[in-house]
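Okay, coords_7.txt now, which holds compact mmCIF, C-alpha atoms:
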# COMPACT_ATOMS: atom_id res chain seq x y z
CA HIS D 1 -25.49 -9.99 -19.47
CA GLY D 2 -26.53 -6.42 -20.26
CA ILE D 3 -29.56 -6.69 -17.96
CA LEU D 4 -27.46 -8.18 -15.15
CA ARG D 5 -25.00 -5.33 -15.49
CA GLU D 6 -27.77 -2.75 -15.27
CA ILE D 7 -29.15 -4.36 -12.11
CA ALA D 8 -25.68 -4.38 -10.57
CA GLN D 9 -25.09 -0.75 -11.50
CA GLU D 10 -28.31 0.29 -9.82
CA GLY D 11 -27.08 -1.34 -6.63
CA ARG D 12 -29.74 -4.00 -6.44
CA MET D 13 -27.52 -7.08 -6.46
CA CYS D 14 -29.33 -8.38 -3.39
CA ARG D 15 -32.21 -9.29 -5.71
CA LEU D 16 -30.00 -11.58 -7.72
CA LYS D 17 -30.05 -15.24 -6.84
CA PRO D 18 -27.42 -15.92 -4.18
CA ILE D 19 -24.48 -18.08 -5.25
CA ILE D 20 -23.51 -18.89 -1.64
CA THR D 21 -26.10 -19.71 1.03
CA VAL D 22 -25.28 -20.55 4.65
CA GLU D 23 -27.99 -21.94 6.95
CA HIS D 24 -27.61 -22.33 10.74
CA LEU D 25 -23.91 -23.05 10.46
CA ARG D 26 -22.16 -24.15 13.64
CA LYS D 27 -18.58 -25.32 14.08
CA VAL D 28 -17.30 -26.70 17.37
CA TYR D 29 -13.71 -27.82 17.96
CA ARG D 30 -12.66 -30.06 20.81
CA VAL D 31 -9.50 -28.89 22.55
CA GLY D 32 -8.70 -31.47 25.22
CA ASP D 33 -11.83 -31.69 27.38
CA GLU D 34 -13.07 -28.28 26.29
CA LYS D 35 -15.44 -27.35 23.49
CA VAL D 36 -14.54 -24.22 21.52
CA ILE D 37 -17.44 -22.76 19.54
CA ALA D 38 -15.76 -21.24 16.46
CA LEU D 39 -18.98 -20.46 14.57
CA ASN D 40 -22.37 -20.14 16.23
CA ASP D 41 -25.55 -20.25 14.11
CA ILE D 42 -24.34 -18.37 11.02
CA ASN D 43 -26.94 -17.49 8.37
CA LEU D 44 -25.99 -15.49 5.29
CA GLU D 45 -26.22 -15.15 1.52
CA ILE D 46 -23.66 -13.84 -1.00
CA GLY D 47 -24.91 -12.76 -4.44
CA LYS D 48 -23.43 -13.87 -7.77
CA GLY D 49 -20.59 -11.63 -8.92
CA GLU D 50 -20.25 -9.85 -5.58
CA MET D 51 -16.94 -8.79 -4.08
CA CYS D 52 -17.50 -9.85 -0.46
CA CYS D 53 -15.13 -9.10 2.41
CA ILE D 54 -15.33 -10.99 5.70
CA VAL D 55 -13.75 -8.90 8.45
CA GLY D 56 -13.10 -9.46 12.12
CA ALA D 57 -10.38 -9.49 14.75
CA SER D 58 -7.94 -12.37 15.11
CA GLY D 59 -9.80 -15.37 16.55
CA SER D 60 -13.25 -14.05 15.54
CA GLY D 61 -13.97 -17.10 13.37
CA LYS D 62 -13.55 -15.43 9.95
CA SER D 63 -10.98 -17.92 8.58
CA THR D 64 -13.05 -20.83 9.92
CA LEU D 65 -16.04 -19.39 8.05
CA LEU D 66 -14.03 -19.11 4.83
CA ASN D 67 -12.92 -22.75 5.20
CA GLN D 68 -16.57 -23.77 5.64
CA LEU D 69 -17.69 -21.77 2.57
CA ALA D 70 -14.96 -23.41 0.47
CA GLY D 71 -15.70 -26.93 1.75
CA LEU D 72 -12.24 -27.23 3.32
CA GLU D 73 -13.79 -28.20 6.67
CA LYS D 74 -17.04 -29.94 7.62
CA PRO D 75 -19.59 -28.11 9.79
CA THR D 76 -20.69 -29.51 13.14
CA ARG D 77 -24.24 -28.50 12.16
CA GLY D 78 -25.93 -26.58 9.38
CA LYS D 79 -25.54 -26.26 5.61
CA VAL D 80 -23.37 -24.52 3.04
CA LEU D 81 -24.66 -24.31 -0.54
CA ILE D 82 -22.80 -23.06 -3.61
CA GLY D 83 -25.44 -22.61 -6.28
CA LYS D 84 -27.71 -25.61 -5.77
CA HIS D 85 -24.87 -27.84 -4.53
CA GLU D 86 -24.85 -28.62 -0.82
CA ILE D 87 -21.09 -28.80 -0.37
CA SER D 88 -21.34 -29.45 3.36
CA ALA D 89 -22.91 -32.85 2.54
CA MET D 90 -20.34 -33.89 -0.11
CA SER D 91 -17.71 -36.60 0.35
CA GLU D 92 -14.02 -35.65 0.15
CA ASP D 93 -13.81 -37.05 -3.41
CA GLU D 94 -16.90 -35.13 -4.54
CA LEU D 95 -15.53 -31.96 -2.94
CA ALA D 96 -12.15 -32.35 -4.65
CA ILE D 97 -13.86 -32.57 -8.05
CA PHE D 98 -16.24 -29.69 -7.23
CA ARG D 99 -13.38 -27.41 -6.13
CA GLN D 100 -11.38 -28.28 -9.23
CA GLN D 101 -14.30 -27.45 -11.52
CA HIS D 102 -15.84 -24.40 -9.84
CA LEU D 103 -13.58 -22.77 -7.23
CA GLY D 104 -10.33 -20.80 -7.11
CA PHE D 105 -8.09 -20.06 -4.12
CA ILE D 106 -5.58 -17.36 -3.18
CA PHE D 107 -3.47 -17.96 -0.08
CA GLN D 108 -1.53 -15.59 2.18
CA SER D 109 1.55 -17.83 1.83
CA TYR D 110 1.23 -18.01 -2.00
CA ASN D 111 1.37 -21.88 -2.14
CA LEU D 112 3.22 -21.97 -5.45
CA LEU D 113 4.99 -25.15 -6.50
CA GLY D 114 8.72 -24.45 -6.21
CA SER D 115 9.77 -26.76 -9.02
CA LEU D 116 7.50 -25.04 -11.58
CA THR D 117 7.92 -21.70 -13.38
CA ALA D 118 5.40 -18.88 -12.98
CA LEU D 119 3.80 -19.90 -16.29
CA GLU D 120 3.51 -23.56 -15.26
CA ASN D 121 2.07 -22.62 -11.85
CA VAL D 122 -0.61 -20.45 -13.46
CA ALA D 123 -1.46 -23.13 -16.05
CA LEU D 124 -1.88 -25.87 -13.40
CA PRO D 125 -5.68 -25.56 -12.88
CA LEU D 126 -6.16 -25.83 -16.66
CA MET D 127 -4.03 -28.97 -16.77
CA PHE D 128 -6.33 -30.57 -14.18
CA LYS D 129 -9.27 -29.64 -16.40
CA GLY D 130 -7.69 -31.40 -19.38
CA VAL D 131 -7.02 -28.23 -21.41
CA PRO D 132 -4.40 -28.87 -24.17
CA ARG D 133 -0.90 -27.57 -23.42
CA ALA D 134 -0.74 -24.87 -26.12
CA THR D 135 -4.11 -23.43 -25.04
CA ARG D 136 -3.29 -23.43 -21.34
CA GLU D 137 0.06 -21.73 -21.92
CA LYS D 138 -1.64 -19.04 -24.02
CA LEU D 139 -4.28 -18.45 -21.31
CA ALA D 140 -1.65 -18.47 -18.54
CA LYS D 141 0.41 -15.85 -20.39
CA LYS D 142 -2.70 -13.69 -20.75
CA GLU D 143 -3.29 -13.76 -16.97
CA LEU D 144 0.39 -13.10 -16.21
CA LYS D 145 0.29 -10.09 -18.55
CA LYS D 146 -2.72 -8.71 -16.66
CA MET D 147 -0.68 -8.96 -13.46
CA GLY D 148 2.32 -7.20 -15.06
CA LEU D 149 4.42 -10.38 -14.86
CA LEU D 150 4.88 -11.59 -18.42
CA SER D 151 8.63 -10.99 -18.15
CA ARG D 152 8.72 -13.38 -15.17
CA ALA D 153 6.91 -16.25 -16.95
CA GLY D 154 10.04 -18.46 -16.97
CA HIS D 155 11.05 -17.70 -13.36
CA LYS D 156 10.59 -20.08 -10.43
CA PRO D 157 9.12 -18.84 -7.12
CA THR D 158 12.56 -18.52 -5.45
CA GLU D 159 13.56 -16.06 -8.19
CA MET D 160 10.63 -13.74 -7.43
CA SER D 161 9.73 -11.29 -4.66
CA GLY D 162 6.76 -11.88 -2.35
CA GLY D 163 4.63 -9.41 -4.29
CA GLN D 164 5.44 -11.14 -7.57
CA GLN D 165 4.70 -14.58 -6.14
CA GLN D 166 1.34 -13.40 -4.86
CA ARG D 167 0.45 -11.99 -8.27
CA VAL D 168 1.32 -15.39 -9.79
CA GLY D 169 -1.03 -16.93 -7.21
CA ILE D 170 -3.79 -14.53 -8.25
CA ALA D 171 -3.27 -15.28 -11.96
CA ARG D 172 -3.50 -19.02 -11.12
CA ALA D 173 -6.82 -18.48 -9.28
CA PHE D 174 -8.36 -16.54 -12.17
CA VAL D 175 -7.06 -18.54 -15.16
CA ALA D 176 -9.83 -21.17 -15.24
CA LYS D 177 -12.55 -18.51 -14.64
CA PRO D 178 -14.09 -20.26 -11.61
CA ALA D 179 -17.54 -19.37 -10.28
CA VAL D 180 -16.11 -18.35 -6.89
CA ILE D 181 -12.63 -17.35 -5.69
CA PHE D 182 -11.79 -17.55 -1.99
CA ALA D 183 -8.90 -15.48 -0.65
CA ASP D 184 -7.58 -15.69 2.93
CA GLU D 185 -5.61 -12.52 3.84
CA PRO D 186 -4.23 -12.42 0.25
CA THR D 187 -2.26 -9.22 0.86
CA GLY D 188 -1.11 -10.12 4.38
CA ASN D 189 2.56 -10.44 3.40
CA LEU D 190 2.72 -7.44 1.04
CA ASP D 191 3.71 -3.80 1.51
CA SER D 192 1.03 -1.10 1.27
CA VAL D 193 1.73 -0.03 -2.34
CA THR D 194 1.76 -3.63 -3.62
CA THR D 195 -1.38 -4.34 -1.54
CA GLN D 196 -3.21 -1.49 -3.26
CA GLN D 197 -2.18 -2.67 -6.75
CA VAL D 198 -2.93 -6.33 -6.05
CA LEU D 199 -6.34 -5.55 -4.54
CA TYR D 200 -7.28 -3.32 -7.47
CA SER D 201 -6.23 -6.02 -9.95
CA MET D 202 -8.29 -8.67 -8.15
CA LEU D 203 -11.36 -6.43 -8.05
CA GLN D 204 -11.14 -5.53 -11.75
CA MET D 205 -10.52 -9.12 -12.86
CA ALA D 206 -13.42 -10.44 -10.75
CA LYS D 207 -15.80 -7.81 -12.17
CA GLU D 208 -14.60 -8.43 -15.71
CA SER D 209 -15.43 -12.15 -15.53
CA GLN D 210 -18.46 -11.90 -13.18
CA ILE D 211 -16.61 -14.03 -10.61
CA THR D 212 -17.85 -14.02 -7.02
CA PHE D 213 -14.91 -13.06 -4.82
CA VAL D 214 -14.87 -13.80 -1.09
CA MET D 215 -11.93 -12.35 0.86
CA VAL D 216 -11.04 -12.59 4.54
CA THR D 217 -9.09 -9.70 6.05
CA HIS D 218 -8.46 -8.31 9.54
CA GLU D 219 -7.73 -4.88 8.02
CA ASN D 220 -11.03 -3.04 7.91
CA GLU D 221 -9.82 -0.40 5.43
CA LEU D 222 -9.12 -3.12 2.82
CA ALA D 223 -12.81 -4.05 2.95
CA ASP D 224 -13.47 -0.68 1.28
CA CYS D 225 -13.13 -2.47 -2.07
CA ALA D 226 -16.20 -4.66 -1.37
CA ASP D 227 -19.82 -4.76 -2.54
CA ARG D 228 -20.71 -6.59 0.70
CA ILE D 229 -18.98 -6.48 4.08
CA ILE D 230 -19.67 -9.25 6.60
CA THR D 231 -18.33 -8.58 10.10
CA ILE D 232 -17.71 -11.59 12.37
CA LYS D 233 -17.29 -11.37 16.14
CA ASP D 234 -17.07 -14.29 18.56
CA GLY D 235 -18.27 -16.75 15.92
CA LYS D 236 -21.40 -14.77 15.04
CA VAL D 237 -22.37 -12.38 12.24
CA LEU D 238 -22.23 -8.92 13.80
CA SER D 239 -23.33 -7.22 10.56
CA ASN D 240 -23.90 -8.06 6.89
CA GLN D 241 -23.87 -4.87 4.86
CA LEU D 242 -24.58 -4.55 1.13
CA LEU D 243 -23.16 -1.20 0.02
CA THR D 244 -24.85 1.24 -2.34
CA GLU D 245 -23.14 2.35 -5.56
CA GLU D 246 -22.47 5.77 -3.98
CA GLU D 247 -20.81 4.21 -0.92
CA LYS D 248 -18.68 1.95 -3.12
CA ALA D 249 -17.54 4.84 -5.31
CA VAL D 250 -16.45 6.85 -2.24
CA ASN D 251 -14.75 3.82 -0.62
CA ARG D 252 -12.85 2.79 -3.75
CA LYS D 253 -11.71 6.36 -4.40
CA LYS D 254 -10.39 6.48 -0.82
CA LEU D 255 -8.68 3.08 -1.08
CA PHE D 256 -7.31 3.24 -4.61
CA GLY D 257 -6.94 6.98 -5.21
CA GLU D 258 -5.60 7.62 -8.71
CA LEU D 259 -5.76 3.93 -9.66
CA ALA D 260 -9.55 4.18 -9.73
CA ASP D 261 -9.40 6.89 -12.43
CA GLN D 262 -7.10 4.92 -14.71
CA ASP D 263 -7.84 2.42 -17.41
CA VAL D 264 -8.44 -1.10 -16.04
CA ALA D 265 -5.26 -2.50 -17.58
CA GLU D 266 -3.07 0.31 -16.32
CA PRO D 267 -2.13 -0.80 -12.79
CA GLN D 268 -1.98 -4.44 -13.83
CA THR D 269 0.56 -4.03 -16.61
CA THR D 270 2.71 -1.25 -15.20
CA VAL D 271 3.57 -2.73 -11.81
CA LYS D 272 7.25 -2.02 -11.24
CA GLU D 273 9.35 -5.17 -11.40
CA GLU D 274 11.76 -5.54 -8.49
CA LYS D 275 15.30 -6.07 -9.72
Output the file's structure in the form of structure tokens.
Amino acid sequence: HGILREIAQEGRMCRLKPIITVEHLRKVYRVGDEKVIALNDINLEIGKGEMCCIVGASGSGKSTLLNQLAGLEKPTRGKVLIGKHEISAMSEDELAIFRQQHLGFIFQSYNLLGSLTALENVALPLMFKGVPRATREKLAKKELKKMGLLSRAGHKPTEMSGGQQQRVGIARAFVAKPAVIFADEPTGNLDSVTTQQVLYSMLQMAKESQITFVMVTHENELADCADRIITIKDGKVLSNQLLTEEEKAVNRKKLFGELADQDVAEPQTTVKEEK
């Protein structure tokens, strides 16, 4: 791990084996008699442990690309590989098992189960993995604490603000330490201060556990937290930029300001609770 960290710090992550590989990906939807080309011959690689932002205007194809990377939709042509697994060729059953074992998701609309408490929602992925109840509750509490939400562990989604619900969703995505987490506009429903805190927490937690994090956003300034920025326009990759350590330091200082100078745990555990 020490060697990997050194390579990352020197800004040479592109030399690491990619965890996500996309080859000649094409997605065509039929709308009545018309064909809509959502993705047109996409080729890209995302390295292990990278924070990758996919940016583009509304309708550019960025959410379609995220769905393809996560195996939520089948391509018309081409391949998507996660590690050595060709997920684009898997059956629905195989995909369900693969996602459960290796992937995490954060949604703009939170997607929490209303009948469960924050603690139970966060522990859910561990339950599917067969982790004993006492262990999963302990791990879920640990993630909630990182998100500054331990005091809300017994609350149901309707008893929490949007920002709190999204932080529960983030804790749920991280709890099983998946290889890759996919996030579609995860801060889309949050105010700017909460967005900054949530983004910083996600970045720190991903780096801490060497989790590859792929986030879609239409807000270019939010991509300043990334190691890699992929810009999509009209279903094609306009640019795929791997940032240097210097660029990342400047970007993160601009985006996070004082948060970037604080201890990792600081913004996660001192988020103000809405009354």
* To do: With a distance cut-off of 6 Å and only C-alpha atoms, select the neighbouring residues of D:Leu243, excluding the residue or stretch itself and same-chain residues fewer than 3 positions from it, and output the selection as JSON, numbers by chain.
  => {"D": [227, 228, 247]}
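The protein and nucleic acid residues lying at most 8 Å from stretch 190-200 of chain D are Gly162, Gly163, Arg167, Thr187, Gly188, Met202, Leu203, Gln204, Cys225, Leu255, Phe256, Leu259, Pro267, Gln268 and Val271 of chain D, with only C-alpha atoms considered and sequence neighbours fewer than 2 positions away removed.
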* **Counting all atoms listed in the file, the residue of D:Gly235, D:Ile20, D:Leu119, D:Lys177 that sits nearest D:Cys52** =>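 Between D:Gly235, D:Ile20, D:Leu119, D:Lys177, the residue approaching D:Cys52 most closely is D:Ile20.
Residues in contact range of D:Met90, defined as at most 12 Å between all atoms listed in the file, with sequence neighbours fewer than 2 positions away removed, read Ala70, Gly71, Leu72, Glu73, Lys74, Pro75, Lys79, Val80, Leu81, Ile82, His85, Glu86, Ile87, Ser88, Glu92, Asp93, Glu94, Leu95, Ala96, Ile97, Phe98 and Arg99 of chain D.
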* Which distance in Å separates atom CA of D:Lys156 and atom CA of D:Gly114, to one decimal? ->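 These atoms are spaced 6.4 Å apart.
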* Asked: So which one's closest to D:Lys27, D:Ala249, D:Leu150, D:Val122, D:Leu39? Using all atoms listed in the file, please.
  ->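 The closest residue to D:Lys27 is D:Leu39.
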* Can you tell me, as JSON, numbers by chain, what residues are no more than 8 Å from D:Gly169 when counting only C-alpha atoms, ignoring any on the same chain fewer than 6 positions away? -> {"D": [106, 107, 110, 111, 112, 121, 122]}
* Please, what distance in Å, to one decimal, runs between atom CA of D:Thr212 and atom CA of D:Glu50? -> 5.0 Å
* **Nearby residues (only C-alpha atoms) at most 12 Å from D:Gln241, same-chain spacing under 2 positions excluded, as a list of chain:residue names** => D:Cys14, D:Leu44, D:Glu45, D:Ile46, D:Met51, D:Cys52, D:Cys53, D:Ile54, D:Val55, D:Ala223, D:Asp224, D:Ala226, D:Asp227, D:Arg228, D:Ile229, D:Ile230, D:Thr231, D:Ile232, D:Val237, D:Leu238, D:Ser239, D:Leu243, D:Thr244, D:Glu247, D:Lys248
* atom CA of D:Arg172 to atom CA of D:Asn251, distance in Å rounded to a single decimal ->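 It comes out at 27.5 Å.
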To test the calculation: enclose all listed atoms of stretch 57-65 of chain D in a box whose edges run along x, y and z, add 8 Å on each side, then state centre and edge lengths in Å to one decimal, as AutoDock Vina command-line options.
--center_x -12.0 --center_y -15.2 --center_z 12.3 --size_x 24.1 --size_y 27.3 --size_z 24.5
Take the point (-15.4, -19.6, 20.2) in the file's coordinates, draw a sphere of radius 8 Å around it, and report as an mmCIF file with C-alpha atoms, in the coordinates of the input every protein, DNA or RNA residue with an atom inside or on it, counting all atoms listed in the file.
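Wrote it out as part-v9.cif, contents follow:
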data_model
loop_
_atom_site.group_PDB
_atom_site.id
_atom_site.type_symbol
_atom_site.label_atom_id
_atom_site.label_comp_id
_atom_site.auth_asym_id
_atom_site.auth_seq_id
_atom_site.Cartn_x
_atom_site.Cartn_y
_atom_site.Cartn_z
ATOM 1 C CA VAL D 28 -17.300 -26.700 17.370
ATOM 2 C CA VAL D 36 -14.540 -24.220 21.520
ATOM 3 C CA ILE D 37 -17.440 -22.760 19.540
ATOM 4 C CA ALA D 38 -15.760 -21.240 16.460
ATOM 5 C CA LEU D 39 -18.980 -20.460 14.570
ATOM 6 C CA GLY D 59 -9.800 -15.370 16.550
ATOM 7 C CA SER D 60 -13.250 -14.050 15.540
ATOM 8 C CA GLY D 61 -13.970 -17.100 13.370
ATOM 9 C CA ASP D 234 -17.070 -14.290 18.560
ATOM 10 C CA GLY D 235 -18.270 -16.750 15.920
#
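Across D:Lys48, D:Gln100, D:Asn40, D:Ser115, the tightest approach to D:Pro157 is made by D:Ser115 when counting all atoms listed in the file.
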* **Nearest residue to D:Ser109 from the set D:Tyr29, D:Leu124, D:Arg252, D:Ala183 (distances using all atoms listed in the file)** =>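 Closest candidate: D:Ala183.
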